[in-house]
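Enquirer: Okay, so here is protein.cif, and as you'll see once you scroll down, it has mmCIF, N, CA and C atoms.
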```cif
data_upload
loop_
_atom_site.label_atom_id
_atom_site.label_comp_id
_atom_site.auth_asym_id
_atom_site.auth_seq_id
_atom_site.Cartn_x
_atom_site.Cartn_y
_atom_site.Cartn_z
N MET A 22 36.18 21.75 -75.47
CA MET A 22 34.77 22.04 -75.43
C MET A 22 34.03 20.83 -74.86
N THR A 23 33.20 21.06 -73.91
CA THR A 23 32.42 19.98 -73.34
C THR A 23 31.00 20.04 -73.88
N THR A 24 30.47 18.87 -74.10
CA THR A 24 29.08 18.80 -74.54
C THR A 24 28.26 18.13 -73.45
N ASN A 25 27.12 18.66 -73.25
CA ASN A 25 26.22 18.07 -72.27
C ASN A 25 25.35 17.04 -72.97
N ARG A 26 25.43 15.84 -72.47
CA ARG A 26 24.59 14.78 -73.01
C ARG A 26 23.47 14.53 -72.02
N PRO A 27 22.26 14.65 -72.49
CA PRO A 27 21.17 14.34 -71.57
C PRO A 27 21.17 12.85 -71.24
N GLY A 28 20.77 12.55 -70.04
CA GLY A 28 20.68 11.16 -69.63
C GLY A 28 19.38 10.55 -70.11
N ARG A 29 19.12 9.35 -69.64
CA ARG A 29 17.89 8.64 -70.00
C ARG A 29 16.96 8.63 -68.81
N ILE A 30 15.70 8.65 -69.11
CA ILE A 30 14.68 8.49 -68.08
C ILE A 30 13.91 7.23 -68.43
N GLU A 31 13.85 6.32 -67.49
CA GLU A 31 13.09 5.09 -67.67
C GLU A 31 12.03 5.01 -66.59
N ILE A 32 10.83 4.73 -67.02
CA ILE A 32 9.71 4.59 -66.09
C ILE A 32 9.23 3.15 -66.18
N SER A 33 9.21 2.47 -65.07
CA SER A 33 8.84 1.06 -65.07
C SER A 33 7.34 0.89 -65.35
N PRO A 34 6.99 -0.23 -65.97
CA PRO A 34 5.57 -0.51 -66.19
C PRO A 34 4.77 -0.53 -64.88
N ARG A 35 5.42 -0.95 -63.81
CA ARG A 35 4.73 -0.98 -62.51
C ARG A 35 4.39 0.42 -62.03
N ALA A 36 5.30 1.38 -62.25
CA ALA A 36 5.03 2.77 -61.87
C ALA A 36 3.89 3.33 -62.72
N ILE A 37 3.90 3.02 -64.01
CA ILE A 37 2.82 3.47 -64.88
C ILE A 37 1.49 2.85 -64.45
N ALA A 38 1.52 1.58 -64.07
CA ALA A 38 0.30 0.90 -63.61
C ALA A 38 -0.25 1.56 -62.35
N THR A 39 0.63 1.96 -61.45
CA THR A 39 0.20 2.63 -60.23
C THR A 39 -0.46 3.97 -60.54
N LEU A 40 0.14 4.74 -61.44
CA LEU A 40 -0.45 6.02 -61.84
C LEU A 40 -1.80 5.81 -62.52
N ALA A 41 -1.88 4.81 -63.40
CA ALA A 41 -3.14 4.53 -64.09
C ALA A 41 -4.21 4.07 -63.12
N GLY A 42 -3.83 3.21 -62.16
CA GLY A 42 -4.79 2.73 -61.16
C GLY A 42 -5.35 3.86 -60.33
N ASP A 43 -4.51 4.80 -59.97
CA ASP A 43 -4.96 5.97 -59.21
C ASP A 43 -5.93 6.80 -60.04
N ALA A 44 -5.63 6.99 -61.32
CA ALA A 44 -6.50 7.77 -62.20
C ALA A 44 -7.85 7.08 -62.39
N VAL A 45 -7.85 5.77 -62.48
CA VAL A 45 -9.09 5.01 -62.64
C VAL A 45 -10.01 5.22 -61.44
N LEU A 46 -9.45 5.13 -60.27
CA LEU A 46 -10.27 5.19 -59.06
C LEU A 46 -10.83 6.58 -58.79
N ARG A 47 -10.34 7.59 -59.51
CA ARG A 47 -10.90 8.93 -59.39
C ARG A 47 -12.05 9.15 -60.36
N CYS A 48 -12.40 8.14 -61.14
CA CYS A 48 -13.45 8.26 -62.15
C CYS A 48 -14.82 7.94 -61.58
N TYR A 49 -15.79 8.69 -62.04
CA TYR A 49 -17.18 8.47 -61.64
C TYR A 49 -17.63 7.08 -62.08
N GLY A 50 -18.29 6.37 -61.19
CA GLY A 50 -18.88 5.08 -61.50
C GLY A 50 -17.99 3.88 -61.33
N VAL A 51 -16.71 4.11 -61.03
CA VAL A 51 -15.79 2.98 -60.84
C VAL A 51 -15.75 2.63 -59.35
N VAL A 52 -16.01 1.37 -59.06
CA VAL A 52 -15.97 0.89 -57.68
C VAL A 52 -14.56 0.45 -57.32
N GLY A 53 -13.85 -0.13 -58.29
CA GLY A 53 -12.49 -0.57 -58.02
C GLY A 53 -11.89 -1.28 -59.20
N LEU A 54 -10.69 -1.76 -59.00
CA LEU A 54 -9.98 -2.55 -60.01
C LEU A 54 -10.16 -4.02 -59.70
N ALA A 55 -10.14 -4.83 -60.74
CA ALA A 55 -10.30 -6.27 -60.58
C ALA A 55 -9.13 -6.98 -61.23
N SER A 56 -8.91 -8.20 -60.83
CA SER A 56 -7.88 -9.01 -61.45
C SER A 56 -8.30 -9.32 -62.88
N LYS A 57 -7.32 -9.32 -63.79
CA LYS A 57 -7.65 -9.63 -65.18
C LYS A 57 -7.93 -11.11 -65.37
N ASN A 58 -7.51 -11.93 -64.43
CA ASN A 58 -7.76 -13.37 -64.49
C ASN A 58 -8.92 -13.70 -63.58
N LEU A 59 -10.10 -13.83 -64.15
CA LEU A 59 -11.26 -14.16 -63.34
C LEU A 59 -11.20 -15.62 -62.91
N ILE A 60 -11.41 -15.85 -61.64
CA ILE A 60 -11.42 -17.21 -61.10
C ILE A 60 -12.88 -17.60 -60.87
N GLY A 61 -13.35 -18.60 -61.57
CA GLY A 61 -14.73 -19.03 -61.42
C GLY A 61 -15.72 -17.99 -61.89
N GLY A 62 -15.29 -17.05 -62.73
CA GLY A 62 -16.19 -16.03 -63.25
C GLY A 62 -16.51 -14.92 -62.27
N LEU A 63 -15.85 -14.89 -61.12
CA LEU A 63 -16.11 -13.86 -60.13
C LEU A 63 -15.01 -12.82 -60.14
N ALA A 64 -15.41 -11.57 -60.11
CA ALA A 64 -14.44 -10.47 -60.07
C ALA A 64 -14.28 -10.02 -58.63
N ASP A 65 -13.06 -10.00 -58.14
CA ASP A 65 -12.77 -9.55 -56.79
C ASP A 65 -12.17 -8.16 -56.85
N LEU A 66 -12.63 -7.30 -55.95
CA LEU A 66 -12.04 -5.98 -55.82
C LEU A 66 -10.62 -6.13 -55.30
N LEU A 67 -9.70 -5.43 -55.91
CA LEU A 67 -8.31 -5.49 -55.47
C LEU A 67 -8.03 -4.38 -54.47
N GLN A 68 -7.22 -4.68 -53.50
CA GLN A 68 -6.77 -3.67 -52.55
C GLN A 68 -5.74 -2.78 -53.24
N PRO A 69 -5.56 -1.54 -52.76
CA PRO A 69 -4.62 -0.61 -53.42
C PRO A 69 -3.22 -1.17 -53.65
N ASP A 70 -2.73 -2.02 -52.78
CA ASP A 70 -1.38 -2.55 -52.96
C ASP A 70 -1.32 -3.62 -54.06
N ARG A 71 -2.45 -3.98 -54.63
CA ARG A 71 -2.48 -5.00 -55.69
C ARG A 71 -3.06 -4.46 -57.00
N TRP A 72 -3.07 -3.15 -57.17
CA TRP A 72 -3.61 -2.54 -58.38
C TRP A 72 -2.93 -3.06 -59.63
N GLY A 73 -1.68 -3.42 -59.53
CA GLY A 73 -0.95 -3.89 -60.70
C GLY A 73 -1.61 -5.07 -61.38
N ARG A 74 -2.37 -5.85 -60.63
CA ARG A 74 -3.07 -6.99 -61.21
C ARG A 74 -4.26 -6.57 -62.05
N GLY A 75 -4.74 -5.36 -61.86
CA GLY A 75 -5.88 -4.86 -62.61
C GLY A 75 -5.49 -3.92 -63.73
N VAL A 76 -4.19 -3.73 -63.93
CA VAL A 76 -3.69 -2.85 -64.97
C VAL A 76 -2.58 -3.57 -65.72
N ASP A 77 -2.70 -3.61 -67.04
CA ASP A 77 -1.68 -4.22 -67.88
C ASP A 77 -1.06 -3.11 -68.72
N VAL A 78 0.27 -2.97 -68.67
CA VAL A 78 0.98 -1.90 -69.37
C VAL A 78 1.92 -2.52 -70.41
N ARG A 79 1.83 -2.00 -71.63
CA ARG A 79 2.74 -2.41 -72.70
C ARG A 79 3.23 -1.17 -73.42
N MET A 80 4.36 -1.30 -74.08
CA MET A 80 4.91 -0.21 -74.89
C MET A 80 4.93 -0.66 -76.35
N ARG A 81 4.57 0.27 -77.26
CA ARG A 81 4.64 -0.01 -78.68
C ARG A 81 5.05 1.27 -79.40
N ASP A 82 6.16 1.23 -80.09
CA ASP A 82 6.65 2.37 -80.86
C ASP A 82 6.75 3.65 -80.01
N GLY A 83 7.22 3.52 -78.79
CA GLY A 83 7.41 4.67 -77.92
C GLY A 83 6.15 5.19 -77.27
N ALA A 84 5.04 4.51 -77.46
CA ALA A 84 3.77 4.92 -76.85
C ALA A 84 3.29 3.83 -75.88
N VAL A 85 2.49 4.23 -74.93
CA VAL A 85 1.99 3.33 -73.90
C VAL A 85 0.62 2.78 -74.31
N ILE A 86 0.42 1.50 -74.04
CA ILE A 86 -0.88 0.86 -74.22
C ILE A 86 -1.29 0.32 -72.86
N ILE A 87 -2.48 0.69 -72.43
CA ILE A 87 -2.97 0.30 -71.10
C ILE A 87 -4.24 -0.54 -71.24
N ASP A 88 -4.29 -1.65 -70.54
CA ASP A 88 -5.52 -2.43 -70.39
C ASP A 88 -5.93 -2.34 -68.93
N LEU A 89 -7.16 -1.93 -68.70
CA LEU A 89 -7.68 -1.75 -67.34
C LEU A 89 -8.83 -2.73 -67.10
N TYR A 90 -8.84 -3.34 -65.95
CA TYR A 90 -9.86 -4.30 -65.57
C TYR A 90 -10.60 -3.72 -64.38
N VAL A 91 -11.83 -3.26 -64.61
CA VAL A 91 -12.54 -2.49 -63.61
C VAL A 91 -13.85 -3.14 -63.19
N ILE A 92 -14.31 -2.71 -62.03
CA ILE A 92 -15.64 -3.06 -61.54
C ILE A 92 -16.41 -1.75 -61.46
N VAL A 93 -17.58 -1.75 -62.05
CA VAL A 93 -18.39 -0.54 -62.19
C VAL A 93 -19.56 -0.59 -61.22
N GLN A 94 -19.96 0.58 -60.77
CA GLN A 94 -21.11 0.69 -59.87
C GLN A 94 -22.39 0.34 -60.61
N TYR A 95 -23.19 -0.53 -60.03
CA TYR A 95 -24.46 -0.92 -60.61
C TYR A 95 -25.36 0.31 -60.75
N GLY A 96 -26.03 0.42 -61.88
CA GLY A 96 -26.95 1.53 -62.10
C GLY A 96 -26.35 2.67 -62.89
N THR A 97 -25.05 2.64 -63.14
CA THR A 97 -24.43 3.68 -63.95
C THR A 97 -24.42 3.21 -65.41
N ARG A 98 -24.31 4.14 -66.32
CA ARG A 98 -24.22 3.79 -67.74
C ARG A 98 -22.80 3.34 -68.02
N ILE A 99 -22.64 2.07 -68.30
CA ILE A 99 -21.31 1.47 -68.43
C ILE A 99 -20.49 2.14 -69.52
N SER A 100 -21.10 2.44 -70.66
CA SER A 100 -20.34 3.05 -71.75
C SER A 100 -19.82 4.44 -71.36
N GLU A 101 -20.60 5.20 -70.60
CA GLU A 101 -20.13 6.52 -70.16
C GLU A 101 -19.02 6.41 -69.14
N VAL A 102 -19.15 5.46 -68.23
CA VAL A 102 -18.09 5.24 -67.24
C VAL A 102 -16.80 4.83 -67.96
N ALA A 103 -16.89 3.90 -68.91
CA ALA A 103 -15.71 3.42 -69.63
C ALA A 103 -15.05 4.55 -70.41
N HIS A 104 -15.84 5.39 -71.09
CA HIS A 104 -15.27 6.51 -71.83
C HIS A 104 -14.61 7.52 -70.88
N GLY A 105 -15.23 7.74 -69.73
CA GLY A 105 -14.63 8.63 -68.73
C GLY A 105 -13.30 8.09 -68.23
N VAL A 106 -13.24 6.79 -68.00
CA VAL A 106 -11.99 6.15 -67.57
C VAL A 106 -10.92 6.31 -68.65
N MET A 107 -11.29 6.03 -69.89
CA MET A 107 -10.33 6.16 -71.00
C MET A 107 -9.75 7.57 -71.07
N ASN A 108 -10.62 8.56 -71.05
CA ASN A 108 -10.17 9.94 -71.17
C ASN A 108 -9.33 10.38 -69.98
N ASN A 109 -9.76 10.04 -68.77
CA ASN A 109 -9.04 10.47 -67.57
C ASN A 109 -7.67 9.82 -67.48
N VAL A 110 -7.60 8.53 -67.76
CA VAL A 110 -6.31 7.83 -67.67
C VAL A 110 -5.35 8.35 -68.75
N LYS A 111 -5.84 8.50 -69.97
CA LYS A 111 -5.00 9.00 -71.06
C LYS A 111 -4.46 10.39 -70.71
N TYR A 112 -5.33 11.29 -70.30
CA TYR A 112 -4.92 12.65 -69.97
C TYR A 112 -3.93 12.66 -68.80
N SER A 113 -4.26 11.92 -67.73
CA SER A 113 -3.40 11.90 -66.54
C SER A 113 -2.01 11.37 -66.86
N LEU A 114 -1.94 10.27 -67.58
CA LEU A 114 -0.64 9.68 -67.88
C LEU A 114 0.18 10.56 -68.82
N GLU A 115 -0.45 11.13 -69.83
CA GLU A 115 0.30 12.00 -70.74
C GLU A 115 0.81 13.24 -70.02
N GLN A 116 0.04 13.77 -69.08
CA GLN A 116 0.48 14.94 -68.32
C GLN A 116 1.62 14.60 -67.37
N MET A 117 1.52 13.46 -66.71
CA MET A 117 2.53 13.08 -65.72
C MET A 117 3.81 12.53 -66.35
N LEU A 118 3.67 11.77 -67.44
CA LEU A 118 4.82 11.09 -68.03
C LEU A 118 5.45 11.85 -69.18
N GLY A 119 4.66 12.62 -69.89
CA GLY A 119 5.18 13.33 -71.04
C GLY A 119 5.41 12.45 -72.25
N ILE A 120 4.79 11.28 -72.28
CA ILE A 120 4.88 10.40 -73.44
C ILE A 120 3.46 10.08 -73.90
N PRO A 121 3.29 9.77 -75.19
CA PRO A 121 1.93 9.52 -75.69
C PRO A 121 1.36 8.20 -75.19
N VAL A 122 0.05 8.22 -75.00
CA VAL A 122 -0.69 7.00 -74.67
C VAL A 122 -1.47 6.63 -75.92
N ALA A 123 -1.12 5.51 -76.52
CA ALA A 123 -1.74 5.09 -77.78
C ALA A 123 -3.14 4.53 -77.57
N GLU A 124 -3.30 3.72 -76.52
CA GLU A 124 -4.59 3.07 -76.28
C GLU A 124 -4.84 2.95 -74.79
N VAL A 125 -6.11 3.12 -74.42
CA VAL A 125 -6.58 2.78 -73.08
C VAL A 125 -7.79 1.89 -73.29
N ASN A 126 -7.64 0.62 -72.99
CA ASN A 126 -8.70 -0.36 -73.17
C ASN A 126 -9.32 -0.69 -71.81
N VAL A 127 -10.63 -0.56 -71.71
CA VAL A 127 -11.34 -0.80 -70.45
C VAL A 127 -12.10 -2.11 -70.56
N HIS A 128 -11.82 -3.01 -69.64
CA HIS A 128 -12.50 -4.30 -69.57
C HIS A 128 -13.33 -4.29 -68.29
N VAL A 129 -14.64 -4.27 -68.43
CA VAL A 129 -15.52 -4.28 -67.26
C VAL A 129 -15.65 -5.72 -66.79
N GLN A 130 -15.13 -5.99 -65.59
CA GLN A 130 -15.10 -7.34 -65.05
C GLN A 130 -16.31 -7.66 -64.18
N GLY A 131 -17.05 -6.64 -63.82
CA GLY A 131 -18.22 -6.90 -62.98
C GLY A 131 -18.92 -5.61 -62.59
N LEU A 132 -20.07 -5.79 -61.97
CA LEU A 132 -20.88 -4.68 -61.44
C LEU A 132 -21.06 -4.91 -59.95
N ARG A 133 -21.07 -3.83 -59.19
CA ARG A 133 -21.28 -3.93 -57.74
C ARG A 133 -22.31 -2.91 -57.30
N MET A 134 -23.17 -3.36 -56.41
CA MET A 134 -24.11 -2.46 -55.77
C MET A 134 -23.42 -1.89 -54.55
N LEU A 135 -23.49 -0.59 -54.40
CA LEU A 135 -22.90 0.02 -53.22
C LEU A 135 -23.87 -0.11 -52.06
N ARG A 136 -23.35 -0.49 -50.92
CA ARG A 136 -24.19 -0.65 -49.73
C ARG A 136 -24.49 0.71 -49.14
N GLU A 137 -25.72 0.88 -48.72
CA GLU A 137 -26.10 2.14 -48.07
C GLU A 137 -25.61 2.11 -46.63
N THR A 138 -25.11 3.25 -46.18
CA THR A 138 -24.68 3.35 -44.79
C THR A 138 -25.63 4.29 -44.06
N ASN A 139 -26.10 3.86 -42.92
CA ASN A 139 -27.03 4.69 -42.12
C ASN A 139 -26.35 5.17 -40.88
#
```
Let me see the structure of the file written as structure tokens.
Expert:
Amino acid sequence: MTTNRPGRIEISPRAIATLAGDAVLRCYGVVGLASKNLIGGLADLLQPDRWGRGVDVRMRDGAVIIDLYVIVQYGTRISEVAHGVMNNVKYSLEQMLGIPVAEVNVHVQGLRMLRETN
């Protein structure tokens, strides 16, 4: 008699960070991701290939903990934007990964005014 043993699935923190970064940028009021290490107190927008610097991923008791470092559009209600980010990232990751997300912590690193284009 043969028994089927399921294999293991491992998802790297970098892959989770990429998924979380994509979910963040789809949120209303978010201009971009910022580095968690502010240099001289200035927040720089990160290019898509460097999103990992704006997302910190940890595991605790089989659940994911995410810290996000974002730049918010000036004039938006920061608390609403942050709650939207939390909900969207949690929902997106749980749907895509099938594992629980224990915490989504949003750190607003700066505000940016969007330039008008004519």
Enquirer: Find the residues with any atom within 6 Å of (-27.1, -0.3, -57.1); use only C-alpha atoms and the coordinates as given in the file, and write the answer as an MDAnalysis selection string.
Expert: chainID A and resid 95:96 134:135
Enquirer: What is the CA of Val45 (chain A) to CA of Arg29 (chain A) distance in Å?
Expert: 28.2 Å
Enquirer: Just the number, please: distance in Å from CA of Ala123 (chain A) to CA of Gln94 (chain A), one decimal.
Expert: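 Separating CA of Ala123 (chain A) from CA of Gln94 (chain A) is a distance of 26.7 Å.
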Enquirer: Mind telling me what the PyMOL selection byres ((chain A and resi 92) around 6) catches here, as an MDAnalysis selection string?
Expert: chainID A and resid 50:55 90:91 93:94 129:133
Enquirer: For Asp88 (chain A), which residue among A:His128, A:His104, A:Arg35, A:Arg47 is the nearest when counting only C-alpha atoms?
Expert: A:His128
Enquirer: Measure the distance from atom C of Gly75 (chain A) to CA of Gly42 (chain A) in Å and round it to one decimal.
Expert: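 It comes out at 7.2 Å.
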Enquirer: Compile the contact shell of Ile86 (chain A) as a PyMOL selection string: residues with an atom at most 6 Å away, counting all atoms listed in the file, same-chain residues fewer than 2 positions apart removed.
Expert: chain A and resi 77-81+84+88+122-125
Enquirer: Deliver the residues from the most recent selection as a file, using N, CA and C atoms, as a CSV table (one decimal), in the coordinates of the input.
Expert:
```csv
chain,number,residue,atom,x,y,z
A,77,ASP,N,-2.7,-3.6,-67.0
A,77,ASP,CA,-1.7,-4.2,-67.9
A,77,ASP,C,-1.1,-3.1,-68.7
A,78,VAL,N,0.3,-3.0,-68.7
A,78,VAL,CA,1.0,-1.9,-69.4
A,78,VAL,C,1.9,-2.5,-70.4
A,79,ARG,N,1.8,-2.0,-71.6
A,79,ARG,CA,2.7,-2.4,-72.7
A,79,ARG,C,3.2,-1.2,-73.4
A,80,MET,N,4.4,-1.3,-74.1
A,80,MET,CA,4.9,-0.2,-74.9
A,80,MET,C,4.9,-0.7,-76.4
A,81,ARG,N,4.6,0.3,-77.3
A,81,ARG,CA,4.6,0.0,-78.7
A,81,ARG,C,5.0,1.3,-79.4
A,84,ALA,N,5.0,4.5,-77.5
A,84,ALA,CA,3.8,4.9,-76.8
A,84,ALA,C,3.3,3.8,-75.9
A,88,ASP,N,-4.3,-1.6,-70.5
A,88,ASP,CA,-5.5,-2.4,-70.4
A,88,ASP,C,-5.9,-2.3,-68.9
A,122,VAL,N,0.0,8.2,-75.0
A,122,VAL,CA,-0.7,7.0,-74.7
A,122,VAL,C,-1.5,6.6,-75.9
A,123,ALA,N,-1.1,5.5,-76.5
A,123,ALA,CA,-1.7,5.1,-77.8
A,123,ALA,C,-3.1,4.5,-77.6
A,124,GLU,N,-3.3,3.7,-76.5
A,124,GLU,CA,-4.6,3.1,-76.3
A,124,GLU,C,-4.8,3.0,-74.8
A,125,VAL,N,-6.1,3.1,-74.4
A,125,VAL,CA,-6.6,2.8,-73.1
A,125,VAL,C,-7.8,1.9,-73.3
```
Enquirer: When distances are computed from only C-alpha atoms, which of A:Val85, A:Val76, A:Val102, A:Leu118 shows the smallest separation from Asp43 (chain A)?
Expert: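 Of all the options, A:Val76 lies closest to Asp43 (chain A).
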Enquirer: For the alpha helix (DSSP H) assignment from backbone DSSP, which residues of chain A qualify? Please present them as an MDAnalysis selection string.
Expert: chainID A and resid 34:46 99:118
Enquirer: For a quick check of your reading of the model, name the residues lying within 6 Å of the coordinate (-12.2, 9.9, -63.7), counting only C-alpha atoms, and write them as a CSV table (one decimal) with N, CA and C atoms, in the frame of the given file.
Expert:
```csv
chain,number,residue,atom,x,y,z
A,45,VAL,N,-7.8,5.8,-62.5
A,45,VAL,CA,-9.1,5.0,-62.6
A,45,VAL,C,-10.0,5.2,-61.4
A,47,ARG,N,-10.3,7.6,-59.5
A,47,ARG,CA,-10.9,8.9,-59.4
A,47,ARG,C,-12.0,9.2,-60.4
A,48,CYS,N,-12.4,8.1,-61.1
A,48,CYS,CA,-13.4,8.3,-62.2
A,48,CYS,C,-14.8,7.9,-61.6
A,49,TYR,N,-15.8,8.7,-62.0
A,49,TYR,CA,-17.2,8.5,-61.6
A,49,TYR,C,-17.6,7.1,-62.1
A,105,GLY,N,-15.2,7.7,-69.7
A,105,GLY,CA,-14.6,8.6,-68.7
A,105,GLY,C,-13.3,8.1,-68.2
A,106,VAL,N,-13.2,6.8,-68.0
A,106,VAL,CA,-12.0,6.2,-67.6
A,106,VAL,C,-10.9,6.3,-68.6
A,109,ASN,N,-9.8,10.0,-68.8
A,109,ASN,CA,-9.0,10.5,-67.6
A,109,ASN,C,-7.7,9.8,-67.5
```
Enquirer: Which residue, A:Met107, A:Leu89, A:Glu115, A:Asn126, has the smallest gap to Lys57 (chain A) when you use all atoms listed in the file?
Expert: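 Ranking A:Met107, A:Leu89, A:Glu115, A:Asn126 by distance to Lys57 (chain A), first place goes to A:Leu89.
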